[in-house]
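**Student:** My questions will all concern the structure given below.
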Amino acid sequence: MPPLTSHPASPGADHRGPVLGAERALAPDLIRGAMLLMIGLANAANFAFAGGPGLNGSPHGLERILNFLKITLVDARAYPVFAVMFGYGLVQLARRQRNSGATPGAVRKILLKRHTWMIAFGLVHATLLYFGDFLGAYGIVGILCTLLLLNRGDKFHKIILWIWGAQVVYTIVVVGLTALAIVNTSGPAHGMTNSPNPSLGANSYGASLVDRLHEWPAHTAYVTGFTVIVWLGIWAARKQLLENPRDHRTLLTRVAVVCMSITVLGGLPLALVAAGWLQVDSAAMDSMNLLHNVSGEFGGPGYVALFALLVGKLTARRRTLSLPVVAISALGQRSMTGYLFQSVSWMVLLAPFTLNLGDRLGNTAFTAAGAAIAVWTTSVIAAYQMKKHSYRGPAETLLRRLTY
């Protein structure tokens with residue numbers, strides 16, 4: 001049996017045609033749609049504070065709680081979810097092509113062309129709107145995975161489980177080093193500060209564009225390191241964990257408990273500093289930042305498993321899904337459009353040379369969070385309307401036309 005072959009395609013499926021709504025598994029779309037809110041909370045804050053992690057280094061009142069939740073649940077924890085889902089979608093797409101009659105060579109050609117165009121999408125997005133683009137990195141990783149991973153057998157893909165096991169051990173070591181650094185803190189206290197991004201602080205669109213052209217290559221090179229997270233998504237897709245979450249409830253529960261425990265507890269020390277409830281020296285801050293980033297990678301499989309379990313319960317209890325679930329899933333089906341819409345919104349609402357609402361409304365942190373929630377809600381409503389009219393979304397339609 002070929003590595004990507006699973007269940008037969010639906011009657012009438014065309015390897016050049018889009019997947020019908022009835023053929024789609026709910027979990028992947030719901031995950032993508034819901035997690036776009038997390039992406040929005042992170043990126044809106046970066047825009048508002050002109051740098052990352054995008055928070056007030058001297059919080060007061062409810063800002064302390066906002067900072068605490070953002071560091072614990074959002075920062076360095078949202079993008080790994082999309083990395084897992086990117087790998088999952090890569091296998092789904094290849095499987096559909098194979099099941100509808102495409103040869104392995106044709107499948108590879110389609111995937112390579114699609115991901116090459118994603119690099120182009122990323123360059124345009126980063127140049128015009130936001131340097132912190134992930135589309136270009138996904139394109140690069142997609143090409144690498146197509147050439148090196150997709151047609152491997154199950155034994156080969158078990159390597160990724162060993163890699164993640166080693167990552168757990170490494171995280172435990174970092175936890176120990178961080179604990180020692182906190183206990184031995186003795187120098188001047190260091191709070192959270194934002195690392196400035198020139199393009200986000202530029203006073204004109206032209207200046208920001210030039211800055212983004214310099215920032216995007218380095219950012220893209222850095223985030224392509226999430227290949228091991230994408231690979232985990234490839235492994236999960238081969239097992240069809242999200243198509244049949246109730247059949248894999250035990251495994252998904254274990255993944256959710258272990259990974260979310262690691263990601264939340266690993267973010268806790270830095271979150272306490274961000275909230276102003278803990279003061280440490282620079283050495284301890286460095287260790288906390290490392291632990292925060294390393295533990296954040298487990299947020300990818302952790303959140304995915306949580307949502308898969310939720311979908312299992314929803315589909316077990318109800319024959320028809322609630323309107324919010326359908327609408328959020330519709331956004332997940334149009335996640336690229338939703339992602340790009342967010343970048344346009346941050347540029348209009350938060351950039352210094354546009355409305356600059358963060359400064360004008362006084363409380364930058366809450367303004368950014370409010371903008372993120374409002375923009376995400378708007379995109380959910382728009383996606384639902386697109387679904388009702390059987391429209392895939394402008395970004396998805398364009399990418400499809402260029403690919404095929």
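Naming works like this for the structure tokens: A, B, ... for the chains as they're shown, residue 1 at the start of each chain, ligands 1 onward in shown order.
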Determine, using only C-alpha atoms, which residues of stretch 264-321 of chain A have any atom at most 10 Å from an atom of stretch 170-190 of chain A, and tabulate each with its shortest atom pair and distance in Å to one decimal place, rows ordered by chain and then rising number, as a tab-separated table.
**Tutor:**
```
residue	atom	partner	partner_atom	distance
A:Leu265	CA	A:Val175	CA	9.5
A:Gly266	CA	A:Val175	CA	7.4
A:Pro269	CA	A:Thr178	CA	8.7
A:Val273	CA	A:His190	CA	8.7
A:Leu278	CA	A:Ala189	CA	9.3
A:Gln279	CA	A:Ala189	CA	5.5
A:Val280	CA	A:Ala189	CA	4.9
A:Asp281	CA	A:Ala189	CA	4.7
A:Ser282	CA	A:His190	CA	5.8
A:Ala283	CA	A:Ala181	CA	6.7
A:Ala284	CA	A:Ala181	CA	4.8
A:Met285	CA	A:His190	CA	7.2
A:Asp286	CA	A:Thr178	CA	8.7
A:Ser287	CA	A:Thr178	CA	5.1
A:Met288	CA	A:Thr178	CA	6.1
A:Asn289	CA	A:Thr178	CA	9.3
A:Leu290	CA	A:Val174	CA	7.6
A:Leu291	CA	A:Val174	CA	6.0
A:His292	CA	A:Val174	CA	9.7
A:Asn293	CA	A:Thr171	CA	9.9
A:Val294	CA	A:Thr171	CA	6.5
A:Ser295	CA	A:Thr171	CA	6.6
```
**Student:** Output N, CA and C atoms of each residue in that selection to a file, as an mmCIF file, in the first residue's frame.
**Tutor:**
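Listing of again-v7.cif after writing:
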```cif
data_model
loop_
_atom_site.group_PDB
_atom_site.id
_atom_site.type_symbol
_atom_site.label_atom_id
_atom_site.label_comp_id
_atom_site.auth_asym_id
_atom_site.auth_seq_id
_atom_site.Cartn_x
_atom_site.Cartn_y
_atom_site.Cartn_z
ATOM 1 N N LEU A 265 3.147 25.289 32.318
ATOM 2 C CA LEU A 265 4.117 25.403 33.405
ATOM 3 C C LEU A 265 5.427 26.014 32.924
ATOM 4 N N GLY A 266 5.808 25.706 31.676
ATOM 5 C CA GLY A 266 7.034 26.283 31.142
ATOM 6 C C GLY A 266 6.934 27.780 30.906
ATOM 7 N N PRO A 269 7.053 30.930 34.729
ATOM 8 C CA PRO A 269 8.025 31.869 35.311
ATOM 9 C C PRO A 269 8.067 33.213 34.583
ATOM 10 N N VAL A 273 6.899 37.288 35.749
ATOM 11 C CA VAL A 273 7.678 38.517 35.548
ATOM 12 C C VAL A 273 6.873 39.515 34.730
ATOM 13 N N LEU A 278 7.027 38.935 39.934
ATOM 14 C CA LEU A 278 8.320 38.306 40.212
ATOM 15 C C LEU A 278 9.413 39.160 39.604
ATOM 16 N N GLN A 279 10.493 39.350 40.356
ATOM 17 C CA GLN A 279 11.625 40.136 39.866
ATOM 18 C C GLN A 279 12.885 39.280 39.938
ATOM 19 N N VAL A 280 13.624 39.257 38.833
ATOM 20 C CA VAL A 280 14.844 38.453 38.759
ATOM 21 C C VAL A 280 15.909 39.246 38.019
ATOM 22 N N ASP A 281 17.140 38.714 38.018
ATOM 23 C CA ASP A 281 18.226 39.398 37.318
ATOM 24 C C ASP A 281 18.254 38.969 35.852
ATOM 25 N N SER A 282 19.205 39.512 35.109
ATOM 26 C CA SER A 282 19.247 39.280 33.665
ATOM 27 C C SER A 282 19.529 37.821 33.312
ATOM 28 N N ALA A 283 20.381 37.144 34.115
ATOM 29 C CA ALA A 283 20.684 35.745 33.842
ATOM 30 C C ALA A 283 19.433 34.878 33.970
ATOM 31 N N ALA A 284 18.657 35.133 35.005
ATOM 32 C CA ALA A 284 17.414 34.382 35.184
ATOM 33 C C ALA A 284 16.430 34.693 34.069
ATOM 34 N N MET A 285 16.398 35.948 33.633
ATOM 35 C CA MET A 285 15.504 36.319 32.530
ATOM 36 C C MET A 285 15.870 35.565 31.260
ATOM 37 N N ASP A 286 17.152 35.429 31.003
ATOM 38 C CA ASP A 286 17.579 34.683 29.811
ATOM 39 C C ASP A 286 17.113 33.231 29.883
ATOM 40 N N SER A 287 17.253 32.627 31.054
ATOM 41 C CA SER A 287 16.814 31.238 31.229
ATOM 42 C C SER A 287 15.298 31.116 31.080
ATOM 43 N N MET A 288 14.586 32.088 31.634
ATOM 44 C CA MET A 288 13.119 32.074 31.520
ATOM 45 C C MET A 288 12.673 32.195 30.072
ATOM 46 N N ASN A 289 13.316 33.071 29.342
ATOM 47 C CA ASN A 289 12.971 33.236 27.925
ATOM 48 C C ASN A 289 13.211 31.943 27.150
ATOM 49 N N LEU A 290 14.323 31.284 27.429
ATOM 50 C CA LEU A 290 14.608 30.014 26.765
ATOM 51 C C LEU A 290 13.549 28.973 27.108
ATOM 52 N N LEU A 291 13.214 28.866 28.382
ATOM 53 C CA LEU A 291 12.201 27.901 28.810
ATOM 54 C C LEU A 291 10.854 28.226 28.180
ATOM 55 N N HIS A 292 10.520 29.498 28.121
ATOM 56 C CA HIS A 292 9.249 29.918 27.520
ATOM 57 C C HIS A 292 9.160 29.481 26.070
ATOM 58 N N ASN A 293 10.218 29.674 25.324
ATOM 59 C CA ASN A 293 10.205 29.326 23.905
ATOM 60 C C ASN A 293 10.223 27.810 23.678
ATOM 61 N N VAL A 294 11.047 27.113 24.446
ATOM 62 C CA VAL A 294 11.142 25.659 24.289
ATOM 63 C C VAL A 294 9.822 24.987 24.667
ATOM 64 N N SER A 295 9.254 25.378 25.779
ATOM 65 C CA SER A 295 7.989 24.776 26.223
ATOM 66 C C SER A 295 6.831 25.183 25.322
#
```
**Student:** Give one line per residue of stretch 298-381 of chain A that approaches stretch 390-403 of chain A to at most 8 Å, naming the two atoms of the closest pair and their distance in Å to one decimal, counting only C-alpha atoms; sort by chain then ascending residue number and deliver it as JSON lines.
**Tutor:**
```
{"residue": "A:Gln333", "atom": "CA", "partner": "A:Arg392", "partner_atom": "CA", "distance": 7.6}
{"residue": "A:Arg334", "atom": "CA", "partner": "A:Gly393", "partner_atom": "CA", "distance": 5.8}
{"residue": "A:Met336", "atom": "CA", "partner": "A:Ala395", "partner_atom": "CA", "distance": 6.2}
{"residue": "A:Thr337", "atom": "CA", "partner": "A:Ala395", "partner_atom": "CA", "distance": 5.1}
```
**Student:** Please provide the set of residues having any atom within 12 Å of A:Ile65, restricted to only C-alpha atoms, with same-chain residues fewer than 6 positions apart removed, written as a VMD selection string.
**Tutor:** chain A and resid 55 to 56 59 71 to 73 271 to 277 365 to 366
**Student:** I need the residues from that last selection saved to file as a short mmCIF file (atom, residue, chain, number, x, y, z; two decimals), in the first residue's frame (with C-alpha atoms), if you can.
**Tutor:**
```
data_model
loop_
_atom_site.label_atom_id
_atom_site.label_comp_id
_atom_site.auth_asym_id
_atom_site.auth_seq_id
_atom_site.Cartn_x
_atom_site.Cartn_y
_atom_site.Cartn_z
CA LEU A 55 3.13 44.10 26.29
CA ASN A 56 3.46 46.84 28.86
CA PRO A 59 1.67 46.70 34.10
CA ILE A 71 2.67 34.86 27.99
CA THR A 72 1.25 31.62 29.39
CA LEU A 73 -1.22 30.73 26.65
CA ALA A 271 4.45 35.13 32.92
CA LEU A 272 5.01 36.02 36.58
CA VAL A 273 7.68 38.52 35.55
CA ALA A 274 5.43 39.92 32.80
CA ALA A 275 2.68 40.44 35.35
CA GLY A 276 5.08 42.24 37.69
CA TRP A 277 4.74 39.58 40.40
CA ALA A 365 -2.41 46.54 25.73
CA PHE A 366 -6.20 46.48 26.00
#
```
**Student:** How many Å lie between atom CA of A:Val258 and atom CA of A:Trp164, rounded to one decimal?
**Tutor:**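 About the pair atom CA of A:Val258 and atom CA of A:Trp164: they are 12.1 Å apart.
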**Student:** Just the residues within 9 Å of A:Trp231, please, counting only C-alpha atoms, with nothing from its chain fewer than 5 positions along; format it as a ChimeraX atom specification.
**Tutor:** /A:83-84,87-88,145,149,157,160,226,236
**Student:** Could you tell me how far atom CA of A:Ile229 sits from atom CA of A:Asp75, in Å to one decimal place?
**Tutor:**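 Computing it gives 16.1 Å between the two atoms.
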**Student:** Can you pull out every residue from stretch 79-326 of chain A that DSSP, working from the backbone, puts in helix (DSSP H, G or I), and format the result as an MDAnalysis selection string?
**Tutor:** chainID A and resid 79:99 104:128 135:148 154:157 159:183 198:201 205:238 245:274 282:296 299:317 323:326
**Student:** Residues near stretch 125-137 of chain A, anyone? I mean within 8 Å using only C-alpha atoms, not counting same-chain ones fewer than 4 positions away, as a list in words.
**Tutor:**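 Counting only C-alpha atoms, the residues come to Met118, Ile119, Ala120, Phe121, Val141, Ser199, Leu209, Val210, Arg212, Leu213, Glu215, Trp216, His219, Thr220, Ala221, Val223, Thr224, Leu340, Ser343, Val344 and Met347 of chain A.
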**Student:** Please write the residues from the selection above to a file, keeping N, CA, C and O atoms, as a PDB file, in the first residue's frame.
**Tutor:**
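Resulting contents of again.pdb:
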```pdb
ATOM      1  N   MET A 118       3.346  29.779  -2.411  1.00  0.00           N
ATOM      2  CA  MET A 118       3.209  30.255  -1.032  1.00  0.00           C
ATOM      3  C   MET A 118       4.399  31.119  -0.625  1.00  0.00           C
ATOM      4  O   MET A 118       4.240  32.093   0.124  1.00  0.00           O
ATOM      5  N   ILE A 119       5.572  30.783  -1.109  1.00  0.00           N
ATOM      6  CA  ILE A 119       6.739  31.636  -0.846  1.00  0.00           C
ATOM      7  C   ILE A 119       6.516  33.014  -1.448  1.00  0.00           C
ATOM      8  O   ILE A 119       6.817  34.049  -0.821  1.00  0.00           O
ATOM      9  N   ALA A 120       5.963  33.039  -2.665  1.00  0.00           N
ATOM     10  CA  ALA A 120       5.674  34.323  -3.310  1.00  0.00           C
ATOM     11  C   ALA A 120       4.616  35.098  -2.515  1.00  0.00           C
ATOM     12  O   ALA A 120       4.742  36.321  -2.321  1.00  0.00           O
ATOM     13  N   PHE A 121       3.572  34.394  -2.049  1.00  0.00           N
ATOM     14  CA  PHE A 121       2.558  35.032  -1.213  1.00  0.00           C
ATOM     15  C   PHE A 121       3.207  35.640   0.025  1.00  0.00           C
ATOM     16  O   PHE A 121       2.879  36.755   0.447  1.00  0.00           O
ATOM     17  N   VAL A 141       9.202  25.088   3.956  1.00  0.00           N
ATOM     18  CA  VAL A 141       9.082  23.817   4.675  1.00  0.00           C
ATOM     19  C   VAL A 141       8.245  22.827   3.872  1.00  0.00           C
ATOM     20  O   VAL A 141       8.537  21.618   3.852  1.00  0.00           O
ATOM     21  N   SER A 199      10.195  48.276  11.329  1.00  0.00           N
ATOM     22  CA  SER A 199       9.062  48.421  10.418  1.00  0.00           C
ATOM     23  C   SER A 199       7.775  48.734  11.168  1.00  0.00           C
ATOM     24  O   SER A 199       6.888  49.415  10.635  1.00  0.00           O
ATOM     25  N   LEU A 209       7.956  49.829   4.644  1.00  0.00           N
ATOM     26  CA  LEU A 209       8.132  48.865   3.554  1.00  0.00           C
ATOM     27  C   LEU A 209       9.606  48.506   3.385  1.00  0.00           C
ATOM     28  O   LEU A 209       9.965  47.334   3.255  1.00  0.00           O
ATOM     29  N   VAL A 210      10.458  49.513   3.393  1.00  0.00           N
ATOM     30  CA  VAL A 210      11.896  49.268   3.258  1.00  0.00           C
ATOM     31  C   VAL A 210      12.408  48.439   4.432  1.00  0.00           C
ATOM     32  O   VAL A 210      13.199  47.498   4.249  1.00  0.00           O
ATOM     33  N   ARG A 212      10.715  46.332   6.248  1.00  0.00           N
ATOM     34  CA  ARG A 212      10.211  44.956   6.162  1.00  0.00           C
ATOM     35  C   ARG A 212      11.030  44.113   5.195  1.00  0.00           C
ATOM     36  O   ARG A 212      11.234  42.915   5.413  1.00  0.00           O
ATOM     37  N   LEU A 213      11.496  44.721   4.122  1.00  0.00           N
ATOM     38  CA  LEU A 213      12.320  43.979   3.168  1.00  0.00           C
ATOM     39  C   LEU A 213      13.613  43.484   3.816  1.00  0.00           C
ATOM     40  O   LEU A 213      14.164  42.461   3.408  1.00  0.00           O
ATOM     41  N   GLU A 215      13.790  42.866   7.208  1.00  0.00           N
ATOM     42  CA  GLU A 215      13.456  42.022   8.359  1.00  0.00           C
ATOM     43  C   GLU A 215      12.938  40.645   7.962  1.00  0.00           C
ATOM     44  O   GLU A 215      13.175  39.657   8.668  1.00  0.00           O
ATOM     45  N   TRP A 216      12.220  40.561   6.850  1.00  0.00           N
ATOM     46  CA  TRP A 216      11.553  39.308   6.488  1.00  0.00           C
ATOM     47  C   TRP A 216      12.520  38.141   6.263  1.00  0.00           C
ATOM     48  O   TRP A 216      12.254  37.032   6.762  1.00  0.00           O
ATOM     49  N   HIS A 219      13.665  36.683   9.601  1.00  0.00           N
ATOM     50  CA  HIS A 219      12.536  36.078  10.295  1.00  0.00           C
ATOM     51  C   HIS A 219      12.158  34.743   9.659  1.00  0.00           C
ATOM     52  O   HIS A 219      11.935  33.749  10.356  1.00  0.00           O
ATOM     53  N   THR A 220      12.120  34.701   8.337  1.00  0.00           N
ATOM     54  CA  THR A 220      11.744  33.475   7.636  1.00  0.00           C
ATOM     55  C   THR A 220      12.768  32.379   7.882  1.00  0.00           C
ATOM     56  O   THR A 220      12.410  31.214   8.114  1.00  0.00           O
ATOM     57  N   ALA A 221      14.038  32.728   7.846  1.00  0.00           N
ATOM     58  CA  ALA A 221      15.093  31.737   8.109  1.00  0.00           C
ATOM     59  C   ALA A 221      14.959  31.181   9.528  1.00  0.00           C
ATOM     60  O   ALA A 221      15.158  29.979   9.761  1.00  0.00           O
ATOM     61  N   VAL A 223      12.121  30.980  11.455  1.00  0.00           N
ATOM     62  CA  VAL A 223      10.929  30.175  11.722  1.00  0.00           C
ATOM     63  C   VAL A 223      10.881  28.891  10.903  1.00  0.00           C
ATOM     64  O   VAL A 223      10.061  28.010  11.188  1.00  0.00           O
ATOM     65  N   THR A 224      11.739  28.737   9.909  1.00  0.00           N
ATOM     66  CA  THR A 224      11.762  27.458   9.200  1.00  0.00           C
ATOM     67  C   THR A 224      12.251  26.330  10.108  1.00  0.00           C
ATOM     68  O   THR A 224      12.124  25.155   9.763  1.00  0.00           O
ATOM     69  N   LEU A 340      -4.431  36.996   6.335  1.00  0.00           N
ATOM     70  CA  LEU A 340      -4.070  38.208   5.600  1.00  0.00           C
ATOM     71  C   LEU A 340      -4.977  39.377   5.969  1.00  0.00           C
ATOM     72  O   LEU A 340      -4.523  40.530   6.050  1.00  0.00           O
ATOM     73  N   SER A 343      -3.624  41.088   9.006  1.00  0.00           N
ATOM     74  CA  SER A 343      -2.479  41.975   8.769  1.00  0.00           C
ATOM     75  C   SER A 343      -2.923  43.317   8.198  1.00  0.00           C
ATOM     76  O   SER A 343      -2.387  44.366   8.571  1.00  0.00           O
ATOM     77  N   VAL A 344      -3.886  43.288   7.294  1.00  0.00           N
ATOM     78  CA  VAL A 344      -4.444  44.541   6.761  1.00  0.00           C
ATOM     79  C   VAL A 344      -5.061  45.353   7.898  1.00  0.00           C
ATOM     80  O   VAL A 344      -4.870  46.575   7.995  1.00  0.00           O
ATOM     81  N   MET A 347      -2.477  46.993  10.179  1.00  0.00           N
ATOM     82  CA  MET A 347      -1.872  48.136   9.496  1.00  0.00           C
ATOM     83  C   MET A 347      -2.789  49.352   9.564  1.00  0.00           C
ATOM     84  O   MET A 347      -2.344  50.476   9.831  1.00  0.00           O
TER      85      MET A 347
END
```
**Student:** Can you measure atom CA of A:Ile159 to atom CA of A:Thr250 for me? One decimal in Å is fine.
**Tutor:**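 Separation between atom CA of A:Ile159 and atom CA of A:Thr250: 21.6 Å.
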**Student:** Report as a ChimeraX atom specification all protein, DNA and RNA residues lying within 6 Å of stretch 29-44 of chain A, evaluated on only C-alpha atoms, omitting residues in the same chain fewer than 5 positions from it.
**Tutor:** /A:74,78,328-329,331-333,368-369,372,376
**Student:** So which one's closest to A:Pro196, A:Gly370, A:Gly54, A:Gly101, A:Gly338? Using only C-alpha atoms, please.
**Tutor:** A:Gly54
**Student:** Determine the nearest neighbour of A:Gly300 from the options A:Gly105, A:Pro80, A:Pro352, A:Gly358, counting only C-alpha atoms.
**Tutor:**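 Among the listed residues, the smallest separation from A:Gly300 belongs to A:Pro80.
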**Student:** May I have the residues within 12 Å of A:Leu349 as a VMD selection string, using only C-alpha atoms and disregarding those fewer than 6 positions away in the same chain?
**Tutor:** chain A and resid 44 to 45 47 to 48 342 to 343 355 to 361 364 367 to 368 370 to 372 374 to 375
**Student:** Write a file of the selected residues as a short mmCIF file (atom, residue, chain, number, x, y, z; two decimals), in the first residue's frame, keeping N, CA and C atoms.
**Tutor:**
```cif
data_model
loop_
_atom_site.label_atom_id
_atom_site.label_comp_id
_atom_site.auth_asym_id
_atom_site.auth_seq_id
_atom_site.Cartn_x
_atom_site.Cartn_y
_atom_site.Cartn_z
N ALA A 44 -1.42 41.56 16.89
CA ALA A 44 -1.95 42.90 17.17
C ALA A 44 -1.12 43.59 18.25
N ALA A 45 -0.72 42.82 19.26
CA ALA A 45 0.11 43.40 20.32
C ALA A 45 1.48 43.80 19.78
N PHE A 47 2.14 44.83 16.77
CA PHE A 47 1.92 46.08 16.03
C PHE A 47 1.76 47.25 16.98
N ALA A 48 0.93 47.07 18.01
CA ALA A 48 0.62 48.17 18.91
C ALA A 48 1.84 48.65 19.69
N GLN A 342 -6.20 39.92 8.85
CA GLN A 342 -5.69 40.44 10.11
C GLN A 342 -4.55 41.43 9.88
N SER A 343 -3.62 41.09 9.01
CA SER A 343 -2.48 41.98 8.77
C SER A 343 -2.92 43.32 8.20
N LEU A 355 -4.34 54.89 11.86
CA LEU A 355 -5.18 55.31 12.98
C LEU A 355 -4.46 55.32 14.32
N ASN A 356 -3.44 54.46 14.47
CA ASN A 356 -2.61 54.46 15.69
C ASN A 356 -3.47 54.41 16.95
N LEU A 357 -4.43 53.48 16.99
CA LEU A 357 -5.39 53.45 18.08
C LEU A 357 -4.75 53.15 19.43
N GLY A 358 -3.63 52.42 19.44
CA GLY A 358 -2.97 52.12 20.70
C GLY A 358 -2.61 53.37 21.47
N ASP A 359 -2.02 54.34 20.80
CA ASP A 359 -1.64 55.59 21.45
C ASP A 359 -2.85 56.50 21.66
N ARG A 360 -3.74 56.55 20.70
CA ARG A 360 -4.87 57.48 20.78
C ARG A 360 -5.85 57.11 21.89
N LEU A 361 -6.04 55.81 22.13
CA LEU A 361 -7.02 55.39 23.12
C LEU A 361 -6.41 55.24 24.51
N THR A 364 -2.57 50.80 25.49
CA THR A 364 -2.15 50.06 24.29
C THR A 364 -2.46 48.57 24.39
N THR A 367 -6.20 47.94 24.06
CA THR A 367 -6.61 48.32 22.70
C THR A 367 -6.23 47.22 21.72
N ALA A 368 -5.01 46.70 21.84
CA ALA A 368 -4.56 45.63 20.95
C ALA A 368 -5.42 44.38 21.12
N GLY A 370 -8.48 44.19 22.31
CA GLY A 370 -9.83 44.46 21.81
C GLY A 370 -9.88 44.44 20.29
N ALA A 371 -8.85 45.00 19.65
CA ALA A 371 -8.79 44.98 18.19
C ALA A 371 -8.70 43.56 17.68
N ALA A 372 -7.91 42.73 18.35
CA ALA A 372 -7.75 41.34 17.93
C ALA A 372 -9.08 40.59 17.99
N ALA A 374 -12.13 41.92 17.97
CA ALA A 374 -13.07 42.49 17.02
C ALA A 374 -12.77 42.04 15.60
N VAL A 375 -11.50 42.05 15.23
CA VAL A 375 -11.12 41.65 13.86
C VAL A 375 -11.39 40.17 13.65
#
```
